[in-house]
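**Student:** Data file target-v9.pdb (PDB, C-alpha atoms) is appended below.
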ATOM      1  CA  MET A  11     -29.586  18.228  32.716
ATOM      2  CA  THR A  12     -26.356  19.626  31.282
ATOM      3  CA  LYS A  13     -23.420  17.521  30.202
ATOM      4  CA  PRO A  14     -20.157  17.922  32.128
ATOM      5  CA  PRO A  15     -17.596  19.999  30.228
ATOM      6  CA  LEU A  16     -15.031  18.244  28.078
ATOM      7  CA  THR A  17     -11.815  18.634  30.027
ATOM      8  CA  GLN A  18      -8.382  18.716  28.436
ATOM      9  CA  GLY A  19      -7.637  15.244  29.842
ATOM     10  CA  LYS A  20     -10.841  13.780  28.363
ATOM     11  CA  LEU A  21     -10.096  15.448  25.034
ATOM     12  CA  LEU A  22      -6.570  14.005  24.945
ATOM     13  CA  ARG A  23      -7.881  10.511  25.779
ATOM     14  CA  LEU A  24     -10.467  10.842  23.009
ATOM     15  CA  ILE A  25      -7.819  11.928  20.479
ATOM     16  CA  ALA A  26      -5.535   9.074  21.549
ATOM     17  CA  SER A  27      -8.374   6.539  21.181
ATOM     18  CA  VAL A  28      -9.267   7.791  17.707
ATOM     19  CA  SER A  29      -5.581   7.763  16.708
ATOM     20  CA  VAL A  30      -5.195   4.136  17.808
ATOM     21  CA  LEU A  31      -8.312   3.135  15.877
ATOM     22  CA  TRP A  32      -7.230   5.076  12.778
ATOM     23  CA  CYS A  33      -3.725   3.591  12.821
ATOM     24  CA  GLY A  34      -5.304   0.153  12.587
ATOM     25  CA  TYR A  35      -6.562   1.153   9.128
ATOM     26  CA  LEU A  36      -3.317   2.570   7.706
ATOM     27  CA  SER A  37      -0.014   0.890   7.039
ATOM     28  CA  ALA A  38       2.650   2.627   4.941
ATOM     29  CA  ALA A  39       5.999   1.459   3.587
ATOM     30  CA  THR A  40       8.537   2.818   1.115
ATOM     31  CA  PHE A  41      10.113   0.845  -1.722
ATOM     32  CA  ALA A  42      13.178   2.199  -3.558
ATOM     33  CA  THR A  43      14.439   1.180  -6.993
ATOM     34  CA  LYS A  44      17.105   2.780  -9.170
ATOM     35  CA  THR A  45      14.441   4.930 -10.884
ATOM     36  CA  TYR A  46      11.538   5.202  -8.420
ATOM     37  CA  LEU A  47      10.812   5.939  -4.793
ATOM     38  CA  ILE A  48       7.412   4.392  -4.042
ATOM     39  CA  THR A  49       5.255   4.784  -0.965
ATOM     40  CA  ILE A  50       2.622   2.101  -0.472
ATOM     41  CA  THR A  51      -0.230   2.758   1.953
ATOM     42  CA  GLU A  52      -2.708   0.018   2.831
ATOM     43  CA  ARG A  53      -6.052   1.522   3.844
ATOM     44  CA  CYS A  54      -7.644  -1.594   5.311
ATOM     45  CA  LYS A  55      -8.013  -2.858   8.850
ATOM     46  CA  GLU A  56      -4.938  -4.513  10.286
ATOM     47  CA  GLY A  57      -5.093  -8.229   9.635
ATOM     48  CA  ALA A  58      -7.424  -7.871   6.632
ATOM     49  CA  VAL A  59      -6.637 -10.466   3.974
ATOM     50  CA  GLY A  60      -6.574  -9.215   0.388
ATOM     51  CA  CYS A  61      -6.849  -5.466   0.936
ATOM     52  CA  ASP A  62      -8.308  -3.743  -2.142
ATOM     53  CA  ARG A  63      -7.661  -0.188  -0.951
ATOM     54  CA  VAL A  64      -3.925   0.292  -1.444
ATOM     55  CA  ASP A  65      -2.420   3.634  -2.494
ATOM     56  CA  TYR A  66       0.749   3.963  -4.589
ATOM     57  CA  LEU A  67       2.726   7.175  -4.737
ATOM     58  CA  GLY A  68       5.636   6.809  -7.147
ATOM     59  CA  ILE A  69       8.241   9.538  -7.578
ATOM     60  CA  ASN A  70      10.655   9.320 -10.501
ATOM     61  CA  ARG A  71      14.124   9.978  -9.065
ATOM     62  CA  LYS A  72      15.409  11.352 -12.387
ATOM     63  CA  ASN A  73      12.791  14.034 -13.121
ATOM     64  CA  ASN A  74      10.747  14.223  -9.860
ATOM     65  CA  GLU A  75       7.490  13.459 -11.699
ATOM     66  CA  SER A  76       4.978  11.597  -9.570
ATOM     67  CA  ILE A  77       1.996   9.312 -10.054
ATOM     68  CA  ARG A  78      -0.747   8.296  -7.617
ATOM     69  CA  LEU A  79      -2.572   5.016  -8.110
ATOM     70  CA  ARG A  80      -5.157   2.958  -6.226
ATOM     71  CA  GLY A  81      -4.776  -0.805  -6.282
ATOM     72  CA  LYS A  82      -4.888  -3.960  -4.252
ATOM     73  CA  VAL A  83      -2.844  -6.627  -2.538
ATOM     74  CA  LEU A  84      -1.778  -9.567  -4.723
ATOM     75  CA  MET A  85      -2.438 -12.912  -3.075
ATOM     76  CA  SER A  86      -1.858 -16.442  -4.307
ATOM     77  CA  VAL A  87      -4.850 -18.743  -4.048
ATOM     78  CA  CYS A  88      -4.911 -21.859  -1.839
ATOM     79  CA  ASN A  89      -5.465 -25.368  -3.201
ATOM     80  CA  ASP A  90      -9.238 -24.937  -2.941
ATOM     81  CA  GLY A  91      -8.995 -22.363  -5.761
ATOM     82  CA  VAL A  92     -10.862 -19.717  -3.760
ATOM     83  CA  THR A  93      -9.195 -18.873  -0.448
ATOM     84  CA  PRO A  94      -6.367 -16.279  -0.512
ATOM     85  CA  CYS A  95      -3.214 -17.921   0.858
ATOM     86  CA  HIS A  96       0.077 -16.069   0.499
ATOM     87  CA  PHE A  97       0.884 -12.394   0.117
ATOM     88  CA  GLN A  98       2.791 -11.783  -3.147
ATOM     89  CA  GLY A  99       2.842  -7.998  -3.467
ATOM     90  CA  TYR A 100       0.670  -5.257  -4.930
ATOM     91  CA  LEU A 101      -1.173  -4.602  -8.199
ATOM     92  CA  PHE A 102      -2.130  -1.214  -9.679
ATOM     93  CA  LYS A 103      -3.645  -0.339 -13.058
ATOM     94  CA  ASN A 104      -3.761   2.986 -14.888
ATOM     95  CA  TRP A 105      -4.952   3.515 -18.493
ATOM     96  CA  GLY A 106      -3.788   0.147 -19.811
ATOM     97  CA  VAL A 107      -0.559   0.175 -17.808
ATOM     98  CA  THR A 108      -0.131  -2.396 -15.038
ATOM     99  CA  TYR A 109       2.187  -1.787 -12.093
ATOM    100  CA  ARG A 110       3.216  -4.814 -10.040
ATOM    101  CA  LEU A 111       5.300  -4.581  -6.913
ATOM    102  CA  ILE A 112       6.373  -8.168  -6.235
ATOM    103  CA  LEU A 113       7.745  -9.296  -2.876
ATOM    104  CA  GLN A 114       8.803 -12.915  -3.235
ATOM    105  CA  GLY A 115      12.407 -13.452  -2.261
ATOM    106  CA  ASP A 116      13.949 -10.522  -4.113
ATOM    107  CA  SER A 117      11.583  -7.567  -4.483
ATOM    108  CA  TRP A 118      10.970  -5.810  -7.775
ATOM    109  CA  LEU A 119       8.764  -3.376  -9.658
ATOM    110  CA  ASP A 120       7.296  -4.371 -13.027
ATOM    111  CA  ILE A 121       5.508  -1.862 -15.244
ATOM    112  CA  GLN A 122       3.805  -3.302 -18.335
ATOM    113  CA  GLN A 123       1.568  -2.036 -21.097
ATOM    114  CA  GLY A 124      -0.203  -5.104 -22.438
ATOM    115  CA  SER A 125       2.568  -7.677 -22.926
ATOM    116  CA  LYS A 126       5.276  -5.015 -23.377
ATOM    117  CA  VAL A 127       7.568  -4.608 -20.362
ATOM    118  CA  LEU A 128       8.196  -0.884 -19.818
ATOM    119  CA  LEU A 129      10.291  -1.311 -16.670
ATOM    120  CA  HIS A 130      11.628  -4.118 -14.505
ATOM    121  CA  GLU A 131      13.742  -3.009 -11.544
ATOM    122  CA  GLU A 132      14.765  -4.672  -8.322
ATOM    123  CA  GLY A 133      14.488  -2.636  -5.173
ATOM    124  CA  GLU A 134      14.518  -2.583  -1.405
ATOM    125  CA  TRP A 135      12.078  -1.661   1.328
ATOM    126  CA  THR A 136      13.330   1.242   3.406
ATOM    127  CA  PRO A 137      12.446   2.025   7.026
TER     128      PRO A 137
END
In structure tokens, write the structure found in this file.

**Tutor:**
Amino acid sequence: MTKPPLTQGKLLRLIASVSVLWCGYLSAATFATKTYLITITERCKEGAVGCDRVDYLGINRKNNESIRLRGKVLMSVCNDGVTPCHFQGYLFKNWGVTYRLILQGDSWLDIQQGSKVLLHEEGEWTP
């Protein structure tokens, strides 16, 4: 028994279904500071709490140098000391340098090496 041919309509429905499923795994936003333009992409299912597959693409506005990092969502912990409660921002690490994108009230980017603050800049999310 042969399978019926894949018509253009069936192919388009298949592509649309895969696109809808894939979009549930990706969520991107852009954060702009005086020095950096940062694109954050969450690569977890929509509604996932505490995503640990977050991509950071930072472009220095002064010299156009870029850096790609993989990190995670920062969550505060509930009173039970275990359950993630409130979204705080994002955390990325690279060779002893920690990048924090904090989103509580005002939003800002902190870059630290150990206890030394390399950069602290407020910014805004852009559509």

**Student:** Considering only C-alpha atoms, can you say which of A:Cys95, A:Ile48, A:Gly133, A:Leu79 comes closest to Val107 of chain A?

**Tutor:**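 Between A:Cys95, A:Ile48, A:Gly133, A:Leu79, the residue approaching Val107 of chain A most closely is A:Leu79.
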
**Student:** Find the residues around Thr49 of chain A up to 7 Å (all atoms listed in the file counted), leave out those fewer than 2 positions away in its own chain, and share them as a PyMOL selection string.

**Tutor:** chain A and resi 38-41+47+51+66-68

**Student:** If the PyMOL selection byres ((chain A and resi 64) around 9) were run on this exact file, what residues would it hold? Put them as a ChimeraX atom specification.

**Tutor:** /A:50-54,61-63,65-66,79-83,100-102

**Student:** Name the residues that the PyMOL selection byres ((chain A and resi 108) around 8) picks from the file above, as number ranges by chain, using the file's chain letters and numbers.

**Tutor:** A: 101-104, 106-107, 109-110, 120-124

**Student:** What is the distance, in Å and to one decimal place, between atom CA of Trp118 of chain A and atom CA of His130 of chain A?

**Tutor:** 7.0 Å

**Student:** Grab the atom CA of Val87 of chain A to atom CA of Leu111 of chain A distance for me, in Å with one decimal place.

**Tutor:**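 Answer for the atom CA of Val87 of chain A to atom CA of Leu111 of chain A separation: 17.7 Å.
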
**Student:** Please provide the set of residues having any atom within 12 Å of segment 90-93 of chain A, restricted to only C-alpha atoms, with same-chain residues fewer than 5 positions apart removed, written as number ranges by chain.

**Tutor:** A: 59-60, 85

**Student:** Under the rule that only C-alpha atoms are counted, which of A:Leu84, A:Glu75, A:Glu56, A:Lys126 is the nearest residue to His96 of chain A?

**Tutor:** A:Leu84

**Student:** In the coordinates of the file, take the point (13.8, 6.8, -13.8) and a cut-off of 12 Å; then, counting only C-alpha atoms, name each qualifying protein, DNA or RNA residue as a PyMOL selection string.

**Tutor:** chain A and resi 42-48+68-76+128-131

**Student:** Measure the distance from atom CA of Ser86 of chain A to atom CA of Gln98 of chain A in Å and round it to one decimal.

**Tutor:**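 So the answer is 6.7 Å.
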